[in-house]
$ cat final_36.pdb   # PDB, C-alpha atoms
MODEL        1
ATOM      1  CA  MET G   1     102.745 118.276  81.820
ATOM      2  CA  THR G   2     104.626 119.841  84.686
ATOM      3  CA  THR G   3     106.164 117.542  87.271
ATOM      4  CA  GLN G   4     105.373 118.463  90.863
ATOM      5  CA  GLU G   5     107.342 116.895  93.700
ATOM      6  CA  ARG G   6     105.982 117.608  97.167
ATOM      7  CA  MET G   7     106.359 116.602 100.800
ATOM      8  CA  LEU G   8     102.823 116.301 102.139
ATOM      9  CA  THR G   9     101.480 116.014 105.679
ATOM     10  CA  SER G  10      98.987 113.265 106.495
ATOM     11  CA  PRO G  11      96.324 113.917 109.183
ATOM     12  CA  ASP G  12      98.448 112.324 111.919
ATOM     13  CA  GLY G  13     101.431 114.515 110.991
ATOM     14  CA  THR G  14     103.347 111.939 108.957
ATOM     15  CA  GLN G  15     105.407 113.348 106.109
ATOM     16  CA  ILE G  16     104.562 111.668 102.779
ATOM     17  CA  TRP G  17     106.730 112.141  99.697
ATOM     18  CA  ALA G  18     104.682 112.390  96.482
ATOM     19  CA  GLU G  19     104.965 113.402  92.840
ATOM     20  CA  SER G  20     102.545 114.315  90.067
ATOM     21  CA  ASN G  21     103.188 114.104  86.333
ATOM     22  CA  GLY G  22     101.254 113.954  83.084
ATOM     23  CA  ASN G  23      97.966 115.560  82.008
ATOM     24  CA  THR G  24      95.856 116.799  84.924
ATOM     25  CA  GLY G  25      92.803 116.977  82.672
ATOM     26  CA  LYS G  26      92.811 113.236  82.086
ATOM     27  CA  PRO G  27      91.931 110.245  84.325
ATOM     28  CA  ALA G  28      94.202 109.940  87.339
ATOM     29  CA  ILE G  29      96.233 106.819  88.106
ATOM     30  CA  VAL G  30      97.824 106.606  91.553
ATOM     31  CA  PHE G  31     100.817 104.240  91.651
ATOM     32  CA  VAL G  32     101.497 102.411  94.931
ATOM     33  CA  HIS G  33     104.932 100.781  95.197
ATOM     34  CA  GLY G  34     105.881  97.380  96.637
ATOM     35  CA  LEU G  35     107.401  95.961  99.797
ATOM     36  CA  SER G  36     110.488  97.849 100.993
ATOM     37  CA  CYS G  37     110.642  99.671  97.668
ATOM     38  CA  THR G  38     110.388 103.320  96.654
ATOM     39  CA  ALA G  39     108.505 105.304  94.033
ATOM     40  CA  LEU G  40     111.554 104.999  91.763
ATOM     41  CA  GLY G  41     110.128 101.635  90.763
ATOM     42  CA  TRP G  42     107.633 103.524  88.589
ATOM     43  CA  ASP G  43     110.242 105.452  86.579
ATOM     44  CA  ARG G  44     109.488 103.450  83.427
ATOM     45  CA  GLN G  45     105.860 104.494  83.652
ATOM     46  CA  PHE G  46     106.453 108.135  84.523
ATOM     47  CA  ALA G  47     108.898 108.526  81.604
ATOM     48  CA  ASP G  48     106.422 107.113  79.072
ATOM     49  CA  PRO G  49     105.280 110.006  76.819
ATOM     50  CA  GLU G  50     101.965 108.368  75.943
ATOM     51  CA  LEU G  51     101.065 107.788  79.576
ATOM     52  CA  GLN G  52     102.065 111.379  80.333
ATOM     53  CA  ARG G  53      99.838 112.631  77.522
ATOM     54  CA  ASP G  54      96.763 110.543  78.280
ATOM     55  CA  PHE G  55      96.713 110.333  82.088
ATOM     56  CA  HIS G  56      97.348 112.228  85.287
ATOM     57  CA  LEU G  57     100.121 110.177  86.909
ATOM     58  CA  VAL G  58     100.609 110.301  90.683
ATOM     59  CA  ARG G  59     103.043 108.300  92.821
ATOM     60  CA  TYR G  60     104.047 108.444  96.446
ATOM     61  CA  GLU G  61     106.151 106.614  99.006
ATOM     62  CA  MET G  62     104.172 104.889 101.701
ATOM     63  CA  ARG G  63     104.833 105.560 105.359
ATOM     64  CA  GLY G  64     107.746 103.456 106.554
ATOM     65  CA  HIS G  65     109.364 103.609 103.108
ATOM     66  CA  GLY G  66     111.770 105.779 101.148
ATOM     67  CA  ARG G  67     111.508 109.516 101.783
ATOM     68  CA  SER G  68     108.278 109.309 103.789
ATOM     69  CA  GLY G  69     108.028 109.255 107.572
ATOM     70  CA  LYS G  70     108.847 106.072 109.460
ATOM     71  CA  TYR G  71     107.398 104.765 112.705
ATOM     72  CA  PHE G  72     108.715 102.093 115.025
ATOM     73  CA  ASP G  73     105.450 100.936 116.615
ATOM     74  CA  GLU G  74     102.219  99.302 115.517
ATOM     75  CA  GLU G  75     100.121 102.430 115.899
ATOM     76  CA  GLY G  76     101.961 104.140 113.056
ATOM     77  CA  TYR G  77     100.711 101.575 110.525
ATOM     78  CA  GLU G  78      97.001 101.385 111.248
ATOM     79  CA  SER G  79      94.758 100.697 108.261
ATOM     80  CA  ARG G  80      92.959 104.024 108.662
ATOM     81  CA  LYS G  81      96.246 105.951 108.536
ATOM     82  CA  LEU G  82      97.394 104.203 105.367
ATOM     83  CA  ALA G  83      94.090 105.090 103.708
ATOM     84  CA  GLN G  84      94.420 108.688 104.877
ATOM     85  CA  ASP G  85      97.901 108.885 103.359
ATOM     86  CA  PHE G  86      96.439 107.833 100.004
ATOM     87  CA  HIS G  87      93.669 110.413 100.333
ATOM     88  CA  THR G  88      96.150 113.137 101.296
ATOM     89  CA  VAL G  89      98.092 112.473  98.097
ATOM     90  CA  CYS G  90      94.958 112.461  95.937
ATOM     91  CA  GLU G  91      93.678 115.670  97.507
ATOM     92  CA  ALA G  92      97.019 117.455  97.097
ATOM     93  CA  PHE G  93      97.139 116.801  93.353
ATOM     94  CA  GLY G  94      93.418 116.994  92.613
ATOM     95  CA  ALA G  95      93.123 113.295  91.748
ATOM     96  CA  VAL G  96      89.374 112.724  92.027
ATOM     97  CA  LYS G  97      88.041 109.155  91.795
ATOM     98  CA  PRO G  98      91.415 107.796  90.676
ATOM     99  CA  PHE G  99      92.450 104.397  89.439
ATOM    100  CA  CYS G 100      94.669 102.669  91.993
ATOM    101  CA  LEU G 101      97.605 100.798  90.465
ATOM    102  CA  GLN G 102      99.072  98.551  93.115
ATOM    103  CA  GLU G 103     102.353  96.692  92.894
ATOM    104  CA  SER G 104     102.183  93.639  95.078
ATOM    105  CA  ARG G 105     105.525  93.517  96.855
ATOM    106  CA  ARG G 106     104.330  95.948  99.504
ATOM    107  CA  TYR G 107     101.718  93.402 100.462
ATOM    108  CA  ALA G 108     102.935  89.881  99.914
ATOM    109  CA  VAL G 109     105.156  88.875 102.779
ATOM    110  CA  VAL G 110     104.950  86.645 105.800
ATOM    111  CA  HIS G 111     106.562  87.801 109.024
ATOM    112  CA  ARG G 112     107.939  85.749 111.896
ATOM    113  CA  SER G 113     106.740  87.372 115.083
ATOM    114  CA  PRO G 114     109.256  87.328 117.934
ATOM    115  CA  ASN G 115     106.358  86.579 120.303
ATOM    116  CA  SER G 116     104.747  83.837 118.221
ATOM    117  CA  GLY G 117     106.820  80.909 119.428
ATOM    118  CA  GLY G 118     108.466  80.655 116.021
ATOM    119  CA  ALA G 119     105.186  80.361 114.129
ATOM    120  CA  LEU G 120     104.742  82.200 110.859
ATOM    121  CA  THR G 121     101.981  84.767 110.804
ATOM    122  CA  CYS G 122     100.541  86.479 107.707
ATOM    123  CA  GLN G 123     101.751  90.028 107.331
ATOM    124  CA  LYS G 124     100.345  91.529 104.163
ATOM    125  CA  GLY G 125      97.346  93.465 102.987
ATOM    126  CA  ALA G 126      96.211  95.531 100.029
ATOM    127  CA  ILE G 127      95.953  99.312 100.134
ATOM    128  CA  VAL G 128      92.680  98.981  98.209
ATOM    129  CA  VAL G 129      91.121  97.236 101.218
ATOM    130  CA  ASP G 130      92.196 100.103 103.489
ATOM    131  CA  ILE G 131      90.839 102.728 101.073
ATOM    132  CA  ILE G 132      87.444 101.062 100.764
ATOM    133  CA  ASN G 133      87.210 100.567 104.529
ATOM    134  CA  GLU G 134      87.803 104.272 105.111
ATOM    135  CA  TYR G 135      86.204 106.001 102.097
ATOM    136  CA  GLY G 136      83.885 103.498 100.446
ATOM    137  CA  VAL G 137      83.865 101.758  97.092
ATOM    138  CA  ASP G 138      82.899 104.884  95.142
ATOM    139  CA  TYR G 139      86.188 106.559  96.006
ATOM    140  CA  LEU G 140      87.957 104.667  93.203
ATOM    141  CA  SER G 141      87.277 104.302  89.484
ATOM    142  CA  GLY G 142      89.047 100.962  89.238
ATOM    143  CA  ILE G 143      91.906  98.798  90.446
ATOM    144  CA  ILE G 144      95.014  97.560  88.644
ATOM    145  CA  TYR G 145      96.957  94.743  90.298
ATOM    146  CA  VAL G 146     100.439  94.416  88.825
ATOM    147  CA  GLY G 147     102.551  91.381  89.627
ATOM    148  CA  GLY G 148     101.076  88.805  91.980
ATOM    149  CA  SER G 149      98.966  90.930  94.279
ATOM    150  CA  ILE G 150      97.220  88.920  97.000
ATOM    151  CA  VAL G 151      94.289  91.364  97.306
ATOM    152  CA  ALA G 152      93.744  91.105 101.096
ATOM    153  CA  LEU G 153      95.533  89.872 104.207
ATOM    154  CA  HIS G 154      92.879  87.240 104.791
ATOM    155  CA  TYR G 155      93.828  85.396 101.594
ATOM    156  CA  HIS G 156      97.575  85.434 101.940
ATOM    157  CA  PRO G 157      98.099  81.861 103.217
ATOM    158  CA  VAL G 158      96.517  80.254 100.146
ATOM    159  CA  CYS G 159      98.287  82.540  97.666
ATOM    160  CA  ARG G 160     101.853  82.555  98.990
ATOM    161  CA  HIS G 161     104.478  80.959  96.730
ATOM    162  CA  PRO G 162     106.873  78.438  98.364
ATOM    163  CA  VAL G 163     109.873  80.489  97.221
ATOM    164  CA  MET G 164     108.569  83.456  99.178
ATOM    165  CA  THR G 165     107.988  81.311 102.246
ATOM    166  CA  ALA G 166     111.602  80.140 102.104
ATOM    167  CA  LEU G 167     112.825  83.751 101.970
ATOM    168  CA  VAL G 168     110.957  84.876 105.064
ATOM    169  CA  PRO G 169     113.515  83.851 107.726
ATOM    170  CA  ARG G 170     116.225  85.835 105.954
ATOM    171  CA  ILE G 171     114.350  89.023 105.159
ATOM    172  CA  THR G 172     113.009  89.238 108.714
ATOM    173  CA  SER G 173     116.247  88.231 110.449
ATOM    174  CA  LEU G 174     117.707  90.232 113.314
ATOM    175  CA  THR G 175     121.200  89.313 112.069
ATOM    176  CA  SER G 176     122.571  91.931 109.709
ATOM    177  CA  ASP G 177     124.451  89.412 107.564
ATOM    178  CA  ASP G 178     121.295  87.363 107.079
ATOM    179  CA  LEU G 179     119.286  90.479 106.261
ATOM    180  CA  SER G 180     121.793  91.605 103.627
ATOM    181  CA  ASP G 181     121.772  88.183 102.013
ATOM    182  CA  GLY G 182     117.994  88.056 102.268
ATOM    183  CA  ALA G 183     117.653  91.447 100.586
ATOM    184  CA  GLU G 184     119.737  90.270  97.646
ATOM    185  CA  ARG G 185     117.782  87.036  97.291
ATOM    186  CA  PHE G 186     114.515  88.913  97.644
ATOM    187  CA  VAL G 187     115.194  91.407  94.851
ATOM    188  CA  GLU G 188     116.488  88.641  92.600
ATOM    189  CA  SER G 189     113.227  86.754  93.098
ATOM    190  CA  CYS G 190     111.233  89.778  91.913
ATOM    191  CA  VAL G 191     112.214  89.300  88.261
ATOM    192  CA  ALA G 192     112.561  86.393  85.832
ATOM    193  CA  ALA G 193     115.737  87.557  84.051
ATOM    194  CA  PRO G 194     118.861  88.532  86.037
ATOM    195  CA  LEU G 195     119.132  92.153  87.135
ATOM    196  CA  THR G 196     122.158  94.219  86.203
ATOM    197  CA  PHE G 197     124.376  95.142  89.131
ATOM    198  CA  GLU G 198     123.118  98.731  89.016
ATOM    199  CA  GLU G 199     119.498  97.581  89.023
ATOM    200  CA  LYS G 200     120.126  95.191  91.901
ATOM    201  CA  LEU G 201     121.709  97.964  93.984
ATOM    202  CA  SER G 202     118.731 100.235  93.303
ATOM    203  CA  PHE G 203     116.269  97.538  94.384
ATOM    204  CA  MET G 204     118.305  96.631  97.452
ATOM    205  CA  GLY G 205     118.657 100.272  98.449
ATOM    206  CA  GLY G 206     114.915 100.592  98.995
ATOM    207  CA  PHE G 207     114.961  97.449 101.118
ATOM    208  CA  ILE G 208     117.999  98.233 103.247
ATOM    209  CA  MET G 209     117.104 101.875 103.965
ATOM    210  CA  GLN G 210     113.896 100.793 105.684
ATOM    211  CA  PRO G 211     114.334 100.265 109.444
ATOM    212  CA  ARG G 212     113.523  96.728 110.515
ATOM    213  CA  ALA G 213     110.872  97.976 112.953
ATOM    214  CA  ALA G 214     109.144  99.905 110.175
ATOM    215  CA  ARG G 215     109.083  96.790 108.013
ATOM    216  CA  TYR G 216     107.885  94.641 110.888
ATOM    217  CA  TRP G 217     104.945  96.839 111.865
ATOM    218  CA  SER G 218     103.915  97.823 108.349
ATOM    219  CA  LEU G 219     103.644  94.118 107.529
ATOM    220  CA  ARG G 220     102.172  92.965 110.844
ATOM    221  CA  ARG G 221      99.360  95.477 110.911
ATOM    222  CA  LYS G 222      95.721  94.461 111.269
ATOM    223  CA  GLN G 223      93.299  94.712 108.387
ATOM    224  CA  ASP G 224      89.564  93.999 108.225
ATOM    225  CA  HIS G 225      88.739  92.505 104.811
ATOM    226  CA  THR G 226      84.987  92.117 105.353
ATOM    227  CA  VAL G 227      83.792  95.565 104.183
ATOM    228  CA  TRP G 228      85.935  95.351 101.061
ATOM    229  CA  GLU G 229      84.738  91.853 100.247
ATOM    230  CA  ALA G 230      81.091  92.775 100.787
ATOM    231  CA  THR G 231      81.096  96.009  98.762
ATOM    232  CA  ALA G 232      83.900  95.964  96.161
ATOM    233  CA  ARG G 233      82.045  93.872  93.587
ATOM    234  CA  PRO G 234      81.181  96.768  91.196
ATOM    235  CA  LEU G 235      84.781  97.964  90.811
ATOM    236  CA  PRO G 236      86.425  97.088  87.485
ATOM    237  CA  VAL G 237      89.735  95.266  87.897
ATOM    238  CA  LEU G 238      92.759  94.603  85.693
ATOM    239  CA  VAL G 239      95.351  91.994  86.667
ATOM    240  CA  VAL G 240      98.738  92.193  84.908
ATOM    241  CA  GLN G 241     100.531  88.974  85.749
ATOM    242  CA  GLY G 242     103.805  87.288  84.807
ATOM    243  CA  THR G 243     103.847  83.519  84.388
ATOM    244  CA  GLU G 244     107.193  83.192  86.216
ATOM    245  CA  ASP G 245     106.089  84.944  89.428
ATOM    246  CA  LEU G 246     107.933  83.462  92.432
ATOM    247  CA  HIS G 247     106.017  85.394  95.097
ATOM    248  CA  CYS G 248     102.416  84.488  94.381
ATOM    249  CA  LEU G 249     100.368  81.449  93.385
ATOM    250  CA  TYR G 250      98.641  83.634  90.851
ATOM    251  CA  GLU G 251      95.993  81.181  89.674
ATOM    252  CA  THR G 252      94.613  81.090  93.206
ATOM    253  CA  MET G 253      94.831  84.868  93.506
ATOM    254  CA  ILE G 254      92.993  85.406  90.229
ATOM    255  CA  SER G 255      90.222  83.000  91.246
ATOM    256  CA  ILE G 256      89.728  84.957  94.478
ATOM    257  CA  ALA G 257      89.651  88.266  92.584
ATOM    258  CA  ARG G 258      86.997  86.887  90.249
ATOM    259  CA  ARG G 259      84.915  85.831  93.227
ATOM    260  CA  VAL G 260      85.118  89.273  94.893
ATOM    261  CA  TYR G 261      84.820  91.463  91.774
ATOM    262  CA  ASP G 262      82.285  91.203  88.942
ATOM    263  CA  ARG G 263      84.571  92.541  86.204
ATOM    264  CA  VAL G 264      88.111  91.175  86.159
ATOM    265  CA  GLU G 265      90.350  91.283  83.092
ATOM    266  CA  VAL G 266      93.629  89.379  83.164
ATOM    267  CA  LYS G 267      96.717  90.045  81.065
ATOM    268  CA  MET G 268      99.145  87.129  81.307
ATOM    269  CA  MET G 269     102.747  87.858  80.331
ATOM    270  CA  PRO G 270     104.768  84.728  79.437
ATOM    271  CA  GLY G 271     108.345  84.635  80.688
ATOM    272  CA  ILE G 272     107.819  87.597  83.029
ATOM    273  CA  GLY G 273     108.317  87.403  86.783
ATOM    274  CA  HIS G 274     106.876  89.312  89.718
ATOM    275  CA  SER G 275     107.476  92.818  88.283
ATOM    276  CA  PRO G 276     105.819  93.252  84.860
ATOM    277  CA  HIS G 277     106.040  97.051  85.043
ATOM    278  CA  PHE G 278     109.833  96.795  85.386
ATOM    279  CA  GLU G 279     110.545  93.726  83.262
ATOM    280  CA  SER G 280     108.259  94.573  80.345
ATOM    281  CA  PRO G 281     107.301  98.240  80.745
ATOM    282  CA  ALA G 282     106.171  98.913  77.169
ATOM    283  CA  GLU G 283     103.668  96.041  77.154
ATOM    284  CA  THR G 284     102.533  96.797  80.702
ATOM    285  CA  ASN G 285     102.066 100.496  79.938
ATOM    286  CA  ARG G 286     100.011  99.814  76.810
ATOM    287  CA  THR G 287      97.873  97.241  78.608
ATOM    288  CA  VAL G 288      97.150  99.642  81.466
ATOM    289  CA  ALA G 289      96.496 102.581  79.120
ATOM    290  CA  ASP G 290      94.068 100.670  76.905
ATOM    291  CA  TRP G 291      92.162  99.310  79.885
ATOM    292  CA  VAL G 292      91.861 102.638  81.741
ATOM    293  CA  LYS G 293      90.667 104.360  78.577
ATOM    294  CA  LYS G 294      88.043 101.679  78.006
ATOM    295  CA  VAL G 295      86.786 101.786  81.582
ATOM    296  CA  SER G 296      86.746 105.608  81.646
ATOM    297  CA  VAL G 297      84.586 105.786  78.534
ATOM    298  CA  GLY G 298      82.055 103.432  80.124
ATOM    299  CA  GLN G 299      81.741 105.405  83.406
TER     300      GLN G 299
ENDMDL
END

$ encode --input "final_36.pdb" --output "structure tokens"
Amino acid sequence: MTTQERMLTSPDGTQIWAESNGNTGKPAIVFVHGLSCTALGWDRQFADPELQRDFHLVRYEMRGHGRSGKYFDEEGYESRKLAQDFHTVCEAFGAVKPFCLQESRRYAVVHRSPNSGGALTCQKGAIVVDIINEYGVDYLSGIIYVGGSIVALHYHPVCRHPVMTALVPRITSLTSDDLSDGAERFVESCVAAPLTFEEKLSFMGGFIMQPRAARYWSLRRKQDHTVWEATARPLPVLVVQGTEDLHCLYETMISIARRVYDRVEVKMMPGIGHSPHFESPAETNRTVADWVKKVSVGQ
């Protein structure tokens, strides 16, 4: 159970920070962090001795985030490149046919384009869609959506929570004071119970360290949902969802997931907000572990 921390190089030359932990002889789970966050958000999973024993745990920081490379133009955040980053990480650590565990915050934001006449445009998308577009549905063993994922850019408008809509002007502001205030409000909205000051600073650090241009283009990127929607039906899916989520209208999201995928299991967590893995890690970890074991036996 040796931990390996590496700086990898994606096909276009982008540096991608990644880490491997756990049992390399067991099913691999690749953890993808949320919007303007870092891989530190998965600490409560990577420190879990049972997860370490039973699974090969892999996490990385997406381009434009944390310790990975950052671009300031649209080209740097093309769907194909995001999928290739994921593949580069899997290949480096020998994660074959992994389960993709996706936190939603990376993909659940609306952005106000400076060229849109003030109109709001949808700026989110799921890494799963990019992976399937590039490598096909057989690349993954299953998908785990944790905390209000909106599954694909195309479905964002009907799934967005009003609280998130109200936050958009602040978290995309060009005014530094507004951005700082928006960052604080944003991280507070990610959980149901108040964060400690130390936790809030850790969350805000991931947000503030990301250049505005990197956030803008990573969220404004284009994504074709049609291949995913036409082919993803066989993939098993687990949704881990808090009832107090202020980012996603989760009932709508779950109904869409059930329409796209044949096998969708849902774990509702009463009193939990947008971040089940952080707010209730023990229950989240056991739910994920039991489900991955069950699916792996059946494959």

$ resolve_selection --input "final_36.pdb" --expression "the PyMOL selection byres ((chain G and resi 236-253) around 8)" --output "JSON, numbers by chain"
{"G": [108, 141, 142, 143, 144, 145, 146, 147, 148, 149, 150, 151, 158, 159, 160, 161, 162, 163, 164, 189, 190, 191, 192, 234, 235, 254, 255, 256, 257, 261, 262, 263, 264, 265, 266, 267, 268, 269, 270, 271, 272, 273, 274, 275, 276, 284, 288, 291, 295]}

$ closest_atom_pairs --input "final_36.pdb" --of "segment 65-94 of chain G" --to "segment 202-225 of chain G" --cutoff "10 Å" --atoms "only C-alpha atoms" --output "tab-separated table"
residue	atom	partner	partner_atom	distance
G:His65	CA	G:Gln210	CA	5.9
G:Gly66	CA	G:Gly206	CA	6.4
G:Arg67	CA	G:Met209	CA	9.7
G:Gly69	CA	G:Ala214	CA	9.8
G:Lys70	CA	G:Ala214	CA	6.2
G:Tyr71	CA	G:Ala214	CA	5.8
G:Phe72	CA	G:Ala213	CA	5.1
G:Asp73	CA	G:Trp217	CA	6.3
G:Glu74	CA	G:Trp217	CA	5.2
G:Glu75	CA	G:Trp217	CA	8.4
G:Gly76	CA	G:Trp217	CA	8.0
G:Tyr77	CA	G:Ser218	CA	5.4
G:Glu78	CA	G:Arg221	CA	6.4
G:Ser79	CA	G:Gln223	CA	6.2
G:Arg80	CA	G:Gln223	CA	9.3
G:Leu82	CA	G:Ser218	CA	9.6

$ write_last_selection --input "final_36.pdb" --atoms "C-alpha atoms" --output "mmCIF file, in the coordinates of the input"
data_model
loop_
_atom_site.group_PDB
_atom_site.id
_atom_site.type_symbol
_atom_site.label_atom_id
_atom_site.label_comp_id
_atom_site.auth_asym_id
_atom_site.auth_seq_id
_atom_site.Cartn_x
_atom_site.Cartn_y
_atom_site.Cartn_z
ATOM 1 C CA HIS G 65 109.364 103.609 103.108
ATOM 2 C CA GLY G 66 111.770 105.779 101.148
ATOM 3 C CA ARG G 67 111.508 109.516 101.783
ATOM 4 C CA GLY G 69 108.028 109.255 107.572
ATOM 5 C CA LYS G 70 108.847 106.072 109.460
ATOM 6 C CA TYR G 71 107.398 104.765 112.705
ATOM 7 C CA PHE G 72 108.715 102.093 115.025
ATOM 8 C CA ASP G 73 105.450 100.936 116.615
ATOM 9 C CA GLU G 74 102.219 99.302 115.517
ATOM 10 C CA GLU G 75 100.121 102.430 115.899
ATOM 11 C CA GLY G 76 101.961 104.140 113.056
ATOM 12 C CA TYR G 77 100.711 101.575 110.525
ATOM 13 C CA GLU G 78 97.001 101.385 111.248
ATOM 14 C CA SER G 79 94.758 100.697 108.261
ATOM 15 C CA ARG G 80 92.959 104.024 108.662
ATOM 16 C CA LEU G 82 97.394 104.203 105.367
#

$ axis_aligned_box --input "final_36.pdb" --around "segment 258-265 of chain G" --padding-each-side "4 Å" --output "JSON"
{"center_x": 86.3, "center_y": 89.2, "center_z": 89.0, "size_x": 16.1, "size_y": 14.7, "size_z": 19.8}

$ resolve_selection --input "final_36.pdb" --expression "the PyMOL selection byres ((chain G and resi 21) around 8)" --output "list in words"
Met1, Thr2, Thr3, Gln4, Glu19, Ser20, Gly22, Asn23, Thr24, Phe46, Gln52, His56, Leu57 and Val58 of chain G

$ resolve_selection --input "final_36.pdb" --expression "the PyMOL selection byres ((chain G and resi 8-14) around 10)" --output "list in words"
Glu5, Arg6, Met7, Gln15, Ile16, Trp17, Ala18, Glu19, Tyr60, Arg63, Gly64, Ser68, Gly69, Lys70, Tyr71, Gly76, Lys81, Leu82, Ala83, Gln84, Asp85, Phe86, His87, Thr88, Val89 and Ala92 of chain G

$ residues_around --input "final_36.pdb" --residues "segment 30-34 of chain G" --least-positions-apart "6" --cutoff "9 Å" --atoms "only C-alpha atoms" --output "list in words"
Leu40, Gly41, Trp42, His56, Leu57, Val58, Arg59, Tyr60, Glu61, Met62, Phe86, Val89, Cys90, Ala95, Pro98, Phe99, Cys100, Leu101, Gln102, Glu103, Ser104, Arg105, Arg106, Tyr107, Ala108 and Ile127 of chain G

$ residues_around --input "final_36.pdb" --residues "Asn133 of chain G" --least-positions-apart "2" --cutoff "8 Å" --atoms "all atoms listed in the file" --output "VMD selection string"
chain G and resid 80 129 to 131 135 to 136 224 227 to 228

$ atom_distance --input "final_36.pdb" --atom1 "atom CA of Val96 of chain G" --atom2 "atom CA of Ile132 of chain G"
14.7 Å

$ closest_residue --input "final_36.pdb" --among "G:Ala232, G:Ala47, G:Ala28, G:Ala289" --to "Asp138 of chain G" --atoms "all atoms listed in the file"
G:Ala232
